[in-house]
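Structure, as structure tokens:
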Amino acid sequence: MAAGERKDPFKNHRFRVEINGIQQAGFREVTIPDTTQDPIEYRTGDGPPTVTKQPGLIKFGNVTLKWGITDSMEIYNWRKQVMDGKIKDSRKSIAISLLDDEAKEVARWELTAAWPTKYKAPDVNATANEVAIETLEIANEGIQRTK
């Protein structure tokens with residue numbers, strides 16, 4: 001990058017979600033989870049009373065997907081597979097890509113061993129004028145930004 005060249009941040013409204021084995025398009029919203037690592041405090045027994053801090057377990061938050069309901073049952077059937085006790089077959093890899101104005105991938109997050117932990121059917125209201133939205137919360141065992 002040349003000196004003084006401006007880099008604008010990317011917009012958040014163009015993205016793609018890839019779930020291996022599921023062809024679902026048109027997600028309205030994706031919440032990319034956080035990763036945390038709580039510090040473990042350890043008091044040493046020698047010298048002045050001080051506390052050292054060591055990294056604890058790494059935790060990965062859940063992904064939330066929201067989309068307008070259609071006649072596709074693929075995502076619901078994925079959740080049902082877990083409810084039926086078939087968790088081993090339910091774990092999938094997920095990739096969430098942020099796209100620029102020319103639809104080129106500019107950032108990518110990859111999740112491993114992901115499975116749906118919560119499904120919410122859309123709220124319905126005869127006086128509303130909105131798209132019916134389904135929601136799926138997905139647990140995972142790892143998230144990494146790869147681009």
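Each chain of the structure tokens is named A, B, ... in the order shown, its residues numbered from 1; ligands are numbered from 1 in display order.
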
Which polymer residues have any atom within 7 Å of an atom of A:Thr36, counting only C-alpha atoms, with same-chain residues fewer than 2 positions away left out, as a tab-separated table (two decimals) with N, CA and C atoms, in the first residue's frame?
```tsv
chain	number	residue	atom	x	y	z
A	34	ASP	N	-18.01	-15.05	19.02
A	34	ASP	CA	-16.76	-14.60	19.62
A	34	ASP	C	-15.96	-15.81	20.10
A	38	ASP	N	-10.71	-17.36	29.30
A	38	ASP	CA	-10.65	-16.79	30.64
A	38	ASP	C	-9.27	-17.00	31.26
A	58	ILE	N	-10.20	-22.35	25.92
A	58	ILE	CA	-10.72	-21.53	24.83
A	58	ILE	C	-12.18	-21.91	24.61
A	59	LYS	N	-13.03	-20.90	24.50
A	59	LYS	CA	-14.46	-21.13	24.29
A	59	LYS	C	-14.87	-20.44	22.99
A	60	PHE	N	-15.79	-21.08	22.28
A	60	PHE	CA	-16.28	-20.55	21.02
A	60	PHE	C	-17.78	-20.31	21.14
```

Stretch 26-122 of chain A residues near stretch 1-17 of chain A within 9 Å, closest pair each, using only C-alpha atoms, as a tab-separated table:
```
residue	atom	partner	partner_atom	distance
A:Gly26	CA	A:Arg16	CA	8.6
A:Phe27	CA	A:Val17	CA	7.8
A:Arg28	CA	A:His13	CA	8.8
A:Glu29	CA	A:His13	CA	8.5
A:Val30	CA	A:Val17	CA	8.4
A:Ile94	CA	A:Val17	CA	7.1
A:Ala95	CA	A:Val17	CA	5.8
A:Ile96	CA	A:Val17	CA	4.7
A:Ser97	CA	A:Arg16	CA	5.1
A:Leu98	CA	A:Phe15	CA	4.5
A:Leu99	CA	A:Arg14	CA	5.2
A:Asp100	CA	A:Phe10	CA	6.4
A:Asp101	CA	A:Arg14	CA	7.7
A:Ala103	CA	A:Arg14	CA	7.5
A:Glu105	CA	A:Phe15	CA	8.4
A:Val106	CA	A:Phe10	CA	8.2
```

Hey, which of A:Met83, A:Leu65, A:Ile32, A:Ala121 ends up closest to A:Ile143? Count only C-alpha atoms.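 Closest candidate: A:Ile32.
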
Could you list, as a list in words, every residue within 7 Å of A:Thr117, counting only C-alpha atoms and ignoring same-chain residues fewer than 4 positions away?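 My reading of the contact set: Glu137, Ile138 and Ala139 of chain A.
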
Output file for the residues above (N, CA and C atoms, as a PDB file, in the first residue's frame):
```
ATOM      1  N   GLU A 137     -29.578 -21.480  15.821  1.00  0.00           N
ATOM      2  CA  GLU A 137     -28.357 -21.243  16.589  1.00  0.00           C
ATOM      3  C   GLU A 137     -27.485 -22.487  16.465  1.00  0.00           C
ATOM      4  N   ILE A 138     -26.191 -22.264  16.184  1.00  0.00           N
ATOM      5  CA  ILE A 138     -25.293 -23.371  15.877  1.00  0.00           C
ATOM      6  C   ILE A 138     -24.095 -23.353  16.819  1.00  0.00           C
ATOM      7  N   ALA A 139     -23.908 -24.455  17.540  1.00  0.00           N
ATOM      8  CA  ALA A 139     -22.723 -24.623  18.382  1.00  0.00           C
ATOM      9  C   ALA A 139     -21.569 -25.093  17.503  1.00  0.00           C
TER      10      ALA A 139
END
```

Could you tell me, as a PyMOL selection string, which residues of chain A DSSP assigns to strand (DSSP E or B) when given the backbone? chain A and resi 15-19+22+27-31+35-43+51-60+63-68+92-99+105-120+133-139+143-145

Suppose you want the space between atom CA of A:Val124 and atom CA of A:Val82; what is it in Å?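 Taking atom CA of A:Val124 and atom CA of A:Val82, their separation equals 25.6 Å.
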
Just asking: which residues within stretch 31-124 of chain A are helix (DSSP H, G or I) according to DSSP, as number ranges by chain? A: 74-83, 87-90

Any idea what the distance is between atom CA of A:Trp78 and atom CA of A:Ser90?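 Computed distance, atom CA of A:Trp78 to atom CA of A:Ser90, equals 6.7 Å.
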
Using only C-alpha atoms, which residues sit within 6 Å of A:Ala132 once same-chain residues fewer than 5 positions away are excluded, as a ChimeraX atom specification? /A:68-69,122

Would you put the residues from that selection into a file with C-alpha atoms, as a short mmCIF file (atom, residue, chain, number, x, y, z; two decimals), in the first residue's frame?
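Output contents, as saved in part.cif:
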```cif
data_model
loop_
_atom_site.label_atom_id
_atom_site.label_comp_id
_atom_site.auth_asym_id
_atom_site.auth_seq_id
_atom_site.Cartn_x
_atom_site.Cartn_y
_atom_site.Cartn_z
CA GLY A 68 -36.85 -15.78 5.30
CA ILE A 69 -38.81 -19.00 5.43
CA PRO A 122 -41.12 -17.48 12.63
#
```

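Atom CA of A:Ala114 is found 11.9 Å from atom CA of A:Leu136.
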
For A:Arg79: contacts at 8 Å, only C-alpha atoms, fewer than 4 positions along chain excluded, given as an MDAnalysis selection string: chainID A and resid 75 83 115:119
